[in-house]
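Quick notes on the structure that follows.
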Amino acid sequence: MVKIGIVSLGCPRNLVDSELMLGSLKKEGFQISDEVGDGVDVFIINTCSFVQSAREESVDTILEAAQLKKEGKIKRLIVAGCLPQAYSEKLVNSLPEVDSVVGTNDFPKIKEIVKGLLHGQGRSVVSKGLDYLYDENSPRFSLTPKHFAYVKISEGCDNLCSYCIISRLRGRFRSRTIDSVIKEISNISASGFLKEINLIGQDTTLFGIDIYGKSSLPELLRRIGVLKNSVRWIRVLYTHPAHYSDEFIEVVRDEKKICKYLDLPIQHISDIILKRMNRRTAKSDIMKLIAKIRNNIPAAALRTSVIVGFPGETDRNFKELLEFLCEARFERLGAFIYSKEEGSRASRFEGQIPEKIKKQRFDEVMKLQQKISADLNRSFMGKVVDVLIDERIEGEKDKFVGRTEGDAPEVDGCVYVSGKELKTGEFYKVKITDTLEYDLAGEAA
């Protein structure tokens, strides 16, 4: 059988795309290999092109695969996703080892592309139109542990942040229907192993606005919450602070299955910088929103992301950001160094910040958040918390890694758990016996 290997780079939204490509190929009769590159007939690299570091990782991975192809360890090489969507001609012209490039709108064509390559027909497909949206009937091959899954509820983005090129890579915002999402969740939870669903999109808070005329995320969450299945945690990722509603906050507060966890990327807090970023929100709006969330959901874990070194960011603007982070005390935080994206409005702004200063500011933010996180983690000492076990620690007896409700897969902290006969994908009561900067440690009760 023809073996297909894949590496999926970037965010969970890319991972879902990779699962859809593999699902289509498996349905066609191809064998999905666990091998990353060596020993496969067709190797697919699903790339990320969101920021400079992601592009560099994508290019490095392509070059490594190209070398494997030269050595005869893989036969055909396909580069898919965001990088081809933005730079298809450059890829084709500069990397002759790549047999085909596939854009973000062309994932459904992957089986025809693979068949063509196997018959010696090189083919590249990068559509200019961006309207692809998968549904509950699209086959998927899971790349996550069987106890959690990502479900993409929308695609594309209309927010047009000045630093971002997502609309160019993914197209206009478009939602799936509520029924489509519900049917997919019912399908993937039928095995009884699924314990956690992570809802994703470019802006989940706008879900349904293009179909139903208003944000329908609260209705979707209520519908998921009453489904009879094994799912215990429903997590919402990638929200936008400008699009929160009281109804959404109330649903998160009241529905038992919804994780008291909100992914709230503020990107900055200075009104000057927020305006230049085109974030459509102001410092006062963000402060009021955080206060409202804290008041309504006292146990909520808030994750945010910030960008340092945005064009025009002065020392005073950066100090304002640091002071706000001290005050807000986010439970989780990711920081990004501003990346000058070709084609974005911000790439043409005056006041570009030197790389050295951007790196210094990044280090300051992360040092501050490390202290905040350590302080917050100490409050868990001696408490008993619910933990979902993700995996056994290799080479360690009765040692496992899990997560609390306040930790999303792959991006947040974890809980190191000691306990006998624990099973991955199951929940346990864990007494916290030690705390670290970002992680916890404890014993299964």
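Note on naming: chains are A, B, ... as they come in the structure tokens, residues start from 1 per chain, ligands start from 1 in the order shown.
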### Task
Go through stretch 123-332 of chain A and collect every residue that DSSP, computed from the backbone, puts in strand (DSSP E or B); the answer should be as number ranges by chain.
A: 125, 148-152, 154-155, 174-175, 196-200, 233-236, 258-263, 267, 301-308, 332
### Query
Got a sec: who's within 7 Å of A:Lys399, counting only C-alpha atoms, leaving out chain neighbours fewer than 5 positions off, as a PyMOL selection string?
chain A and resi 392-393+417-419
### Task
Please run DSSP on the backbone and report, as a PyMOL selection string, all residues within stretch 157-379 of chain A that come out as helix (DSSP H, G or I).
chain A and resi 166-170+178-188+204-206+209-212+217-225+241-243+246-254+271-277+283-296+315-328+345-348+355-378
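With only C-alpha atoms as the atoms that count, the residue of A:Ile45, A:Leu220, A:Leu262, A:Leu22 with the shortest distance to A:Ala66 is A:Ile45.
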I'd like the neighbourhood of A:Leu289 as a short mmCIF file (atom, residue, chain, number, x, y, z; two decimals) with C-alpha atoms, in the first residue's frame, where a residue qualifies if any of its atoms comes within 12 Å (using only C-alpha atoms), though same-chain residues fewer than 4 positions away should be ignored.
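out-v8.cif, written as the output of this step:
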data_model
loop_
_atom_site.label_atom_id
_atom_site.label_comp_id
_atom_site.auth_asym_id
_atom_site.auth_seq_id
_atom_site.Cartn_x
_atom_site.Cartn_y
_atom_site.Cartn_z
CA HIS A 240 -11.96 38.50 20.27
CA PRO A 241 -12.45 41.06 23.08
CA ALA A 242 -14.41 43.39 20.79
CA HIS A 243 -17.10 40.76 20.17
CA TYR A 244 -18.00 39.52 23.65
CA SER A 245 -21.64 39.58 24.73
CA ASP A 246 -23.26 39.31 28.13
CA PHE A 248 -21.80 34.48 26.01
CA ILE A 249 -20.34 35.21 29.46
CA LEU A 262 -11.46 32.11 28.20
CA LEU A 264 -8.90 36.53 25.27
CA ILE A 266 -5.77 41.65 23.86
CA THR A 281 -11.43 48.05 21.05
CA ALA A 282 -9.94 50.43 23.61
CA LYS A 283 -8.17 50.07 26.93
CA SER A 284 -11.31 51.01 28.85
CA ASP A 285 -13.32 48.36 26.95
CA ILE A 293 -15.70 38.22 33.46
CA ARG A 294 -14.02 38.15 36.87
CA ASN A 295 -17.25 39.28 38.58
CA ASN A 296 -19.45 36.76 36.77
CA ILE A 297 -17.02 33.83 36.71
CA LEU A 302 -7.99 33.93 31.45
CA ALA A 328 -4.75 42.10 35.26
#
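You can rank A:Pro311, A:Val59, A:Ala80, A:Val102 by their closest distance to A:Glu341 using only C-alpha atoms, and at the top of that list sits A:Pro311.
Nearest to A:Arg235 of all the residues A:Thr205, A:Gln31, A:Ser339, A:Asn198 is A:Asn198, counting only C-alpha atoms.
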